[in-house]
file model-v1.cif (mmCIF, C-alpha atoms)
data_start
loop_
_atom_site.label_atom_id
_atom_site.label_comp_id
_atom_site.auth_asym_id
_atom_site.auth_seq_id
_atom_site.Cartn_x
_atom_site.Cartn_y
_atom_site.Cartn_z
CA MET A 16 92.32 53.01 115.14
CA THR A 17 94.43 56.12 115.59
CA PRO A 18 97.97 55.80 114.23
CA ARG A 19 100.64 55.78 116.90
CA GLU A 20 102.29 59.14 117.36
CA ARG A 21 105.68 59.98 118.67
CA VAL A 22 104.95 62.16 121.67
CA ASP A 23 107.24 64.90 122.98
CA CYS A 24 107.80 65.95 126.61
CA ARG A 25 104.91 68.42 126.56
CA ALA A 26 102.43 65.84 125.26
CA ALA A 27 103.70 63.24 127.74
CA PHE A 28 103.24 65.74 130.58
CA ASP A 29 99.68 66.55 129.44
CA ARG A 30 98.81 62.85 129.63
CA LEU A 31 100.79 62.17 132.79
CA TYR A 32 97.93 61.60 135.21
CA GLU A 33 95.74 59.77 132.70
CA TYR A 34 98.72 57.48 132.18
CA LEU A 35 99.22 56.90 135.91
CA ASP A 36 95.47 56.47 136.50
CA GLY A 37 95.27 53.83 133.75
CA GLU A 38 92.75 55.98 131.87
CA LEU A 39 94.48 56.01 128.45
CA THR A 40 93.59 53.76 125.54
CA PRO A 41 96.24 51.03 124.96
CA GLU A 42 97.60 52.97 121.92
CA ARG A 43 97.96 56.27 123.81
CA GLU A 44 99.45 54.47 126.77
CA ALA A 45 102.04 52.79 124.53
CA GLU A 46 102.99 56.20 123.09
CA VAL A 47 103.65 57.60 126.54
CA ARG A 48 105.61 54.51 127.55
CA GLU A 49 107.73 54.80 124.40
CA HIS A 50 108.50 58.40 125.31
CA LEU A 51 109.44 57.45 128.87
CA ASP A 52 111.76 54.74 127.54
CA ARG A 53 113.86 57.34 125.75
CA CYS A 54 113.47 60.40 128.03
CA LEU A 55 115.09 60.12 131.45
CA GLY A 56 113.78 63.53 132.61
CA CYS A 57 110.16 62.56 131.97
CA LEU A 58 110.72 59.12 133.51
CA ARG A 59 111.98 60.69 136.73
CA LEU A 60 109.10 63.17 136.74
CA THR A 61 106.71 60.24 136.33
CA GLU A 62 108.34 58.47 139.29
CA PHE A 63 107.98 61.61 141.41
CA GLU A 64 104.29 61.94 140.47
CA THR A 65 103.74 58.24 141.20
CA ALA A 66 105.13 58.85 144.71
CA TYR A 67 102.81 61.85 145.10
CA LEU A 68 99.70 59.85 144.12
CA ARG A 69 100.74 56.99 146.42
CA PHE A 70 101.10 59.46 149.25
CA LEU A 71 97.58 60.86 148.63
CA ASP A 72 96.20 57.34 148.43
CA ALA A 73 97.88 56.33 151.70
CA ARG A 74 96.27 59.27 153.51
CA ALA A 75 92.88 58.81 151.85
CA ALA A 76 90.97 56.80 154.45
CA SER A 77 92.20 58.68 157.52
CA VAL A 78 88.78 60.24 158.17
CA ARG A 79 85.86 58.02 159.22
CA ALA A 80 82.25 58.79 160.02
CA PRO A 81 81.71 59.27 163.79
CA GLU A 82 80.10 56.28 165.55
CA ALA A 83 77.23 58.49 166.78
CA LEU A 84 76.42 59.39 163.18
CA LYS A 85 76.34 55.72 162.16
CA LYS A 86 73.84 55.03 164.93
CA ARG A 87 71.77 58.05 163.96
CA VAL A 88 71.60 56.86 160.36
CA LEU A 89 70.55 53.34 161.40
CA ARG A 90 67.83 54.68 163.71
CA GLN A 91 66.64 56.96 160.95
CA LEU A 92 66.31 54.05 158.50
CA LEU A 93 64.24 52.08 160.97
CA PHE A 94 62.06 55.08 161.70
CA SER A 95 61.56 55.88 158.02
CA GLU A 96 60.63 52.25 157.34
CA ASN A 97 58.04 52.19 160.13
CA GLU A 98 56.62 55.48 158.94
CA GLU A 99 56.19 54.16 155.42
CA SER A 100 54.56 50.93 156.52
CA ARG A 101 52.13 52.98 158.64
CA GLU A 102 51.32 55.11 155.61
CA GLN A 103 50.67 52.01 153.52
CA ALA A 104 48.47 50.40 156.17
CA MET B 6 57.96 50.79 148.93
CA THR B 7 60.35 49.56 151.59
CA SER B 8 60.19 46.32 153.47
CA PRO B 9 62.46 44.70 156.06
CA ASP B 10 64.16 42.98 153.11
CA ASN B 11 64.73 46.32 151.52
CA ARG B 12 66.30 47.64 154.66
CA THR B 13 68.54 44.59 154.97
CA MET B 14 69.63 45.07 151.36
CA PHE B 15 70.28 48.75 151.94
CA GLU B 16 72.23 48.06 155.11
CA GLN B 17 74.37 45.48 153.32
CA GLU B 18 74.94 47.39 150.10
CA ALA B 19 74.86 51.07 150.96
CA LEU B 20 75.83 51.45 154.61
CA PRO B 21 79.42 50.19 154.15
CA HIS B 22 79.95 53.38 152.12
CA LEU B 23 78.95 55.67 154.98
CA ASP B 24 82.58 56.60 155.69
CA ALA B 25 83.10 57.59 152.05
CA VAL B 26 79.89 59.62 152.01
CA TYR B 27 80.93 61.38 155.21
CA ARG B 28 84.47 62.10 153.96
CA VAL B 29 83.19 63.68 150.74
CA ALA B 30 80.48 65.55 152.68
CA LEU B 31 83.14 66.97 154.98
CA ARG B 32 85.24 68.27 152.09
CA LEU B 33 82.19 69.72 150.34
CA ALA B 34 80.46 71.29 153.35
CA GLY B 35 83.62 72.39 155.11
CA ASN B 36 82.62 71.61 158.71
CA GLU B 37 81.66 68.56 160.77
CA THR B 38 78.15 69.58 161.82
CA GLN B 39 77.04 70.31 158.27
CA ALA B 40 78.82 67.20 157.01
CA GLU B 41 76.94 65.00 159.50
CA ASP B 42 73.57 66.52 158.56
CA LEU B 43 74.41 66.21 154.88
CA THR B 44 75.45 62.57 155.31
CA GLN B 45 72.31 61.72 157.24
CA GLU B 46 70.07 63.38 154.69
CA THR B 47 71.89 61.67 151.83
CA MET B 48 71.45 58.23 153.40
CA LEU B 49 67.76 58.83 154.06
CA LYS B 50 67.15 60.01 150.49
CA ALA B 51 69.10 57.03 149.18
CA PHE B 52 67.06 54.64 151.32
CA ARG B 53 63.79 56.10 150.07
CA ALA B 54 65.01 55.91 146.48
CA TRP B 55 66.58 52.45 146.90
CA HIS B 56 64.08 50.92 144.42
CA GLN B 57 65.64 53.19 141.75
CA PHE B 58 69.11 51.81 142.28
CA ARG B 59 70.14 49.45 139.47
CA PRO B 60 71.76 46.36 140.99
CA GLY B 61 75.19 45.67 139.58
CA THR B 62 76.02 49.36 139.13
CA ASN B 63 78.31 51.28 141.48
CA VAL B 64 76.54 51.94 144.80
CA ARG B 65 79.18 54.37 145.99
CA ALA B 66 78.95 56.55 142.86
CA TRP B 67 75.16 56.47 143.19
CA LEU B 68 75.31 57.61 146.84
CA LEU B 69 77.85 60.31 146.03
CA THR B 70 75.61 61.63 143.25
CA ILE B 71 72.75 62.00 145.75
CA LEU B 72 75.18 63.62 148.18
CA ARG B 73 76.39 66.10 145.59
CA ASN B 74 72.88 67.12 144.53
CA THR B 75 71.78 67.52 148.15
CA PHE B 76 74.84 69.66 148.85
CA ILE B 77 74.25 71.92 145.86
CA ASN B 78 70.54 72.34 146.51
CA GLU B 79 70.56 72.79 150.25
CA TYR B 80 74.01 73.29 151.75
CA ARG B 81 76.24 75.11 149.33
CA LYS B 82 75.10 78.60 150.32
CA ALA B 83 76.04 77.97 153.95
CA ARG B 84 79.65 77.02 153.19
CA ARG B 85 82.06 79.59 154.50
CA THR B 86 84.11 80.90 151.65
CA ALA B 87 87.73 80.15 152.38
CA PRO B 88 90.40 81.88 150.33
CA GLU B 89 90.95 79.82 147.23
CA VAL B 90 94.13 79.00 145.39
CA ASP B 91 94.37 79.85 141.72
CA VAL B 92 94.36 76.53 139.87
CA HIS B 93 94.95 78.25 136.54
CA ALA B 94 98.11 80.06 137.60
CA VAL B 95 100.96 79.52 135.19
CA GLU B 96 103.95 78.66 137.35
CA PRO B 97 107.49 79.27 136.14
CA PHE B 98 108.50 75.77 137.27
CA THR B 99 106.90 72.55 138.42
CA VAL B 100 107.55 71.19 141.91
CA PHE B 101 109.57 68.35 140.41
CA GLU B 102 111.92 70.76 138.63
CA ASP B 103 112.57 72.35 142.00
CA VAL B 104 113.19 69.15 143.96
CA GLN B 105 114.79 66.89 141.34
CA GLU B 106 118.26 67.43 142.76
CA THR B 107 117.39 67.31 146.46
CA ASP B 108 114.39 64.97 146.75
CA PRO B 109 113.43 63.37 143.42
CA GLU B 110 111.44 60.67 145.22
CA GLY B 111 109.21 63.19 146.99
CA ARG B 112 110.04 61.98 150.49
CA PHE B 113 109.06 65.39 151.87
CA PHE B 114 105.38 64.50 151.26
CA ASP B 115 105.52 61.88 154.02
CA GLN B 116 106.36 64.50 156.64
CA ILE B 117 103.17 66.44 156.01
CA VAL B 118 100.43 65.65 158.56
CA ASP B 119 96.89 64.74 157.49
CA ASP B 120 95.37 67.99 158.77
CA GLU B 121 97.60 70.07 156.53
CA ILE B 122 96.71 67.97 153.51
CA LEU B 123 93.00 68.45 154.19
CA LYS B 124 93.49 72.18 154.76
CA ALA B 125 95.24 72.44 151.41
CA ILE B 126 92.50 70.43 149.68
CA ASP B 127 89.88 72.77 151.16
CA LYS B 128 91.55 75.74 149.47
CA LEU B 129 90.89 74.33 146.01
CA PRO B 130 87.91 75.84 144.18
CA GLU B 131 84.81 73.64 144.58
CA GLU B 132 84.75 71.83 141.22
CA PHE B 133 88.47 71.06 141.44
CA ARG B 134 88.24 69.99 145.07
CA GLU B 135 85.37 67.69 144.18
CA ALA B 136 87.29 66.05 141.32
CA LEU B 137 90.38 65.51 143.47
CA VAL B 138 88.45 64.16 146.46
CA LEU B 139 86.51 61.71 144.30
CA SER B 140 89.60 60.47 142.45
CA ASP B 141 92.36 60.58 145.05
CA LEU B 142 90.54 60.12 148.33
CA GLU B 143 87.74 57.85 147.10
CA GLY B 144 89.33 56.11 144.12
CA LEU B 145 86.56 56.73 141.57
CA SER B 146 87.37 56.35 137.87
CA TYR B 147 87.14 59.35 135.51
CA ALA B 148 83.88 57.97 134.10
CA GLU B 149 82.37 57.60 137.57
CA ILE B 150 83.41 61.13 138.53
CA ALA B 151 81.88 62.43 135.29
CA GLU B 152 78.64 60.70 136.27
CA VAL B 153 78.64 62.06 139.82
CA ALA B 154 79.56 65.61 138.77
CA GLY B 155 77.40 65.60 135.63
CA VAL B 156 80.22 66.80 133.34
CA PRO B 157 82.05 65.25 130.35
CA VAL B 158 85.06 62.99 131.01
CA GLY B 159 87.34 65.56 129.31
CA THR B 160 86.35 68.12 131.94
CA VAL B 161 87.09 65.62 134.70
CA LYS B 162 90.58 65.02 133.24
CA SER B 163 91.50 68.67 133.18
CA ARG B 164 90.06 69.30 136.65
CA ILE B 165 92.02 66.40 138.13
CA PHE B 166 95.20 67.58 136.42
CA ARG B 167 94.90 71.17 137.65
CA ALA B 168 93.72 70.17 141.11
CA ARG B 169 96.62 67.77 141.66
CA GLN B 170 99.20 70.27 140.44
CA ALA B 171 97.75 73.09 142.56
CA LEU B 172 97.59 70.85 145.64
CA GLN B 173 101.16 69.69 145.06
CA ARG B 174 102.40 73.28 144.89
CA GLN B 175 100.61 74.12 148.14
CA LEU B 176 102.05 71.08 149.91
CA TYR B 177 105.51 71.89 148.62
CA ALA B 178 105.25 75.51 149.79
CA TYR B 179 104.17 74.23 153.21
CA ALA B 180 107.06 71.74 153.35
CA VAL B 181 109.51 74.54 152.50
CA GLU B 182 107.96 76.78 155.15
CA MET B 183 108.24 74.03 157.77
CA GLY B 184 111.83 73.30 156.79
CA TYR B 185 111.09 69.75 155.60
CA ILE B 186 112.86 70.62 152.38
CA ARG B 187 115.08 73.48 151.21
CA ARG B 188 113.95 75.52 148.24
CA ARG B 189 116.39 75.34 145.36
CA VAL B 190 118.66 78.37 145.33
CA GLY B 191 117.77 80.77 142.56
CA SER B 192 114.09 79.95 142.26
#

call {"tool": "encode", "arguments": {"input": "model-v1.cif", "output": "structure tokens"}}
result
Amino acid sequence: MTPRERVDCRAAFDRLYEYLDGELTPEREAEVREHLDRCLGCLRLTEFETAYLRFLDARAASVRAPEALKKRVLRQLLFSENEESREQA
Amino acid sequence: MTSPDNRTMFEQEALPHLDAVYRVALRLAGNETQAEDLTQETMLKAFRAWHQFRPGTNVRAWLLTILRNTFINEYRKARRTAPEVDVHAVEPFTVFEDVQETDPEGRFFDQIVDDEILKAIDKLPEEFREALVLSDLEGLSYAEIAEVAGVPVGTVKSRIFRARQALQRQLYAYAVEMGYIRRRVGS
């Protein structure tokens, strides 16, 4: 177990996205949270970055595969399957 | 190798991820025709290798790994080289420092249309674009991205960090240009 460190603004910034992505160990996450509790500047930065990631997430699924491609893929699977069963026969 | 059961399994498990495969293919290949071919080839390879898939593991990450390898081996050379942004540039200020007085909640982001976001993503160098697309558009964890990209988790972390910051700067510059937000005087 790593001892809990007091992190400064620089260290909090370096871990910013790992913190928001939930990728930190519980100890490291607690260190960042402690810093945010006593540093208003970093807290506001974190809120801004949270909004940015939410915005990216909201736009994420805007592109979908064309229907014609879906049909092509399905046809291809069927064709590939028939081909293989012919080879095995 | 395959049987009707196999195909049913594949259709149930893998096909729902076709949109994700296509989206990543589009960002990797850079145009729709190539992305469609790449998607089709990926799905066919995945179907033929379906017996190698370990049930209970992440199907989407598995498909995206096949996609990535197919892209690198067969499609990468054909990608038109767009001008890339410098993800290592040391900026004198972060976007937040610039907007903290005028728009600390980042409302300007919402005014940016999808096409501009995608254009900005496409300007990121390949390995950074890949990390950002997999994390922010497809929601993969750092460990899953490391698996797909074949790099250590530490590399994924730094790529995501740089890619997000570089993308944010581009989007901010665009928002300023479009008049969605005023640049802070003196910067």

call {"tool": "resolve_selection", "arguments": {"input": "model-v1.cif", "expression": "the PyMOL selection byres ((chain A) within 10 of (chain B))", "output": "JSON, numbers by chain"}}
result
{"A": [29, 30, 31, 32, 33, 36, 37, 38, 56, 59, 60, 61, 62, 63, 64, 65, 66, 67, 68, 69, 70, 71, 72, 73, 74, 75, 76, 77, 78, 79, 80, 81, 83, 84, 85, 87, 88, 89, 91, 92, 93, 95, 96, 97, 99, 100, 103]}

call {"tool": "atom_distance", "arguments": {"input": "model-v1.cif", "atom1": "atom CA of Arg43 of chain A", "atom2": "atom CA of Ala151 of chain B"}}
result
20.7 Å

call {"tool": "closest_residue", "arguments": {"input": "model-v1.cif", "among": "B:Thr70, B:Asn63, B:Gln17, B:Gln175", "to": "Ala30 of chain B", "atoms": "only C-alpha atoms"}}
result
B:Thr70

call {"tool": "atom_distance", "arguments": {"input": "model-v1.cif", "atom1": "atom CA of Pro157 of chain B", "atom2": "atom CA of Leu129 of chain B"}}
result
20.1 Å

call {"tool": "residues_around", "arguments": {"input": "model-v1.cif", "residues": "Leu43 of chain B", "least_positions_apart": "4", "cutoff": "8 Å", "atoms": "all atoms listed in the file", "output": "MDAnalysis selection string"}}
result
chainID B and resid 30 39 47 72 75:76 80

call {"tool": "write_last_selection", "arguments": {"input": "model-v1.cif", "atoms": "C-alpha atoms", "output": "mmCIF file, in the frame of the given file"}}
result
data_model
loop_
_atom_site.group_PDB
_atom_site.id
_atom_site.type_symbol
_atom_site.label_atom_id
_atom_site.label_comp_id
_atom_site.auth_asym_id
_atom_site.auth_seq_id
_atom_site.Cartn_x
_atom_site.Cartn_y
_atom_site.Cartn_z
ATOM 1 C CA ALA B 30 80.480 65.550 152.680
ATOM 2 C CA GLN B 39 77.040 70.310 158.270
ATOM 3 C CA THR B 47 71.890 61.670 151.830
ATOM 4 C CA LEU B 72 75.180 63.620 148.180
ATOM 5 C CA THR B 75 71.780 67.520 148.150
ATOM 6 C CA PHE B 76 74.840 69.660 148.850
ATOM 7 C CA TYR B 80 74.010 73.290 151.750
#

call {"tool": "atom_distance", "arguments": {"input": "model-v1.cif", "atom1": "atom CA of Arg174 of chain B", "atom2": "atom CA of Asp103 of chain B"}}
result
10.6 Å

call {"tool": "residues_around", "arguments": {"input": "model-v1.cif", "residues": "Cys24 of chain A", "least_positions_apart": "3", "cutoff": "9 Å", "atoms": "all atoms listed in the file", "output": "list in words"}}
result
Ala27, Phe28, Asp29, His50, Leu51, Cys54, Gly56 and Cys57 of chain A

call {"tool": "closest_residue", "arguments": {"input": "model-v1.cif", "among": "B:Lys124, B:Arg32, B:Arg65, B:His93", "to": "Leu176 of chain B", "atoms": "only C-alpha atoms"}}
result
B:Lys124

call {"tool": "build_atoms", "arguments": {"input": "model-v1.cif", "residues": "segment 57-83 of chain A", "atoms": "N, CA and C atoms", "output": "mmCIF file, keeping the file's coordinate frame"}}
result
data_model
loop_
_atom_site.group_PDB
_atom_site.id
_atom_site.type_symbol
_atom_site.label_atom_id
_atom_site.label_comp_id
_atom_site.auth_asym_id
_atom_site.auth_seq_id
_atom_site.Cartn_x
_atom_site.Cartn_y
_atom_site.Cartn_z
ATOM 1 N N CYS A 57 111.591 62.845 131.837
ATOM 2 C CA CYS A 57 110.160 62.560 131.970
ATOM 3 C C CYS A 57 109.936 61.300 132.817
ATOM 4 N N LEU A 58 110.842 60.338 132.710
ATOM 5 C CA LEU A 58 110.720 59.120 133.510
ATOM 6 C C LEU A 58 110.843 59.454 134.999
ATOM 7 N N ARG A 59 111.795 60.308 135.324
ATOM 8 C CA ARG A 59 111.980 60.690 136.730
ATOM 9 C C ARG A 59 110.810 61.520 137.236
ATOM 10 N N LEU A 60 110.303 62.401 136.381
ATOM 11 C CA LEU A 60 109.100 63.170 136.740
ATOM 12 C C LEU A 60 107.937 62.219 137.021
ATOM 13 N N THR A 61 107.798 61.205 136.172
ATOM 14 C CA THR A 61 106.710 60.240 136.330
ATOM 15 C C THR A 61 106.848 59.478 137.654
ATOM 16 N N GLU A 62 108.099 59.160 138.012
ATOM 17 C CA GLU A 62 108.340 58.470 139.290
ATOM 18 C C GLU A 62 107.973 59.354 140.477
ATOM 19 N N PHE A 63 108.315 60.641 140.353
ATOM 20 C CA PHE A 63 107.980 61.610 141.410
ATOM 21 C C PHE A 63 106.453 61.717 141.561
ATOM 22 N N GLU A 64 105.751 61.807 140.438
ATOM 23 C CA GLU A 64 104.290 61.940 140.470
ATOM 24 C C GLU A 64 103.631 60.657 140.974
ATOM 25 N N THR A 65 104.252 59.516 140.675
ATOM 26 C CA THR A 65 103.740 58.240 141.200
ATOM 27 C C THR A 65 103.820 58.259 142.729
ATOM 28 N N ALA A 66 104.949 58.771 143.254
ATOM 29 C CA ALA A 66 105.130 58.850 144.710
ATOM 30 C C ALA A 66 104.081 59.783 145.318
ATOM 31 N N TYR A 67 103.805 60.884 144.630
ATOM 32 C CA TYR A 67 102.810 61.850 145.100
ATOM 33 C C TYR A 67 101.416 61.208 145.179
ATOM 34 N N LEU A 68 101.028 60.485 144.131
ATOM 35 C CA LEU A 68 99.700 59.850 144.120
ATOM 36 C C LEU A 68 99.612 58.750 145.171
ATOM 37 N N ARG A 69 100.716 58.029 145.381
ATOM 38 C CA ARG A 69 100.740 56.990 146.420
ATOM 39 C C ARG A 69 100.558 57.604 147.803
ATOM 40 N N PHE A 70 101.206 58.753 147.976
ATOM 41 C CA PHE A 70 101.100 59.460 149.250
ATOM 42 C C PHE A 70 99.645 59.897 149.495
ATOM 43 N N LEU A 71 98.991 60.451 148.468
ATOM 44 C CA LEU A 71 97.580 60.860 148.630
ATOM 45 C C LEU A 71 96.719 59.641 148.950
ATOM 46 N N ASP A 72 96.981 58.559 148.235
ATOM 47 C CA ASP A 72 96.200 57.340 148.430
ATOM 48 C C ASP A 72 96.366 56.792 149.850
ATOM 49 N N ALA A 73 97.596 56.868 150.364
ATOM 50 C CA ALA A 73 97.880 56.330 151.700
ATOM 51 C C ALA A 73 97.158 57.137 152.784
ATOM 52 N N ARG A 74 96.919 58.431 152.504
ATOM 53 C CA ARG A 74 96.270 59.270 153.510
ATOM 54 C C ARG A 74 94.759 59.301 153.335
ATOM 55 N N ALA A 75 94.282 58.649 152.270
ATOM 56 C CA ALA A 75 92.880 58.810 151.850
ATOM 57 C C ALA A 75 91.872 58.452 152.926
ATOM 58 N N ALA A 76 92.043 57.293 153.579
ATOM 59 C CA ALA A 76 90.970 56.800 154.450
ATOM 60 C C ALA A 76 91.148 57.233 155.902
ATOM 61 N N SER A 77 91.907 58.302 156.138
ATOM 62 C CA SER A 77 92.200 58.680 157.520
ATOM 63 C C SER A 77 90.961 59.207 158.270
ATOM 64 N N VAL A 78 89.983 59.718 157.522
ATOM 65 C CA VAL A 78 88.780 60.240 158.170
ATOM 66 C C VAL A 78 87.653 59.203 158.087
ATOM 67 N N ARG A 79 87.011 58.939 159.213
ATOM 68 C CA ARG A 79 85.860 58.020 159.220
ATOM 69 C C ARG A 79 84.660 58.711 159.820
ATOM 70 N N ALA A 80 83.476 58.214 159.470
ATOM 71 C CA ALA A 80 82.250 58.790 160.020
ATOM 72 C C ALA A 80 82.211 58.512 161.527
ATOM 73 N N PRO A 81 81.800 59.501 162.345
ATOM 74 C CA PRO A 81 81.710 59.270 163.790
ATOM 75 C C PRO A 81 80.707 58.154 164.109
ATOM 76 N N GLU A 82 80.987 57.377 165.160
ATOM 77 C CA GLU A 82 80.100 56.280 165.550
ATOM 78 C C GLU A 82 78.665 56.762 165.807
ATOM 79 N N ALA A 83 78.555 57.944 166.467
ATOM 80 C CA ALA A 83 77.230 58.490 166.780
ATOM 81 C C ALA A 83 76.422 58.730 165.505
#
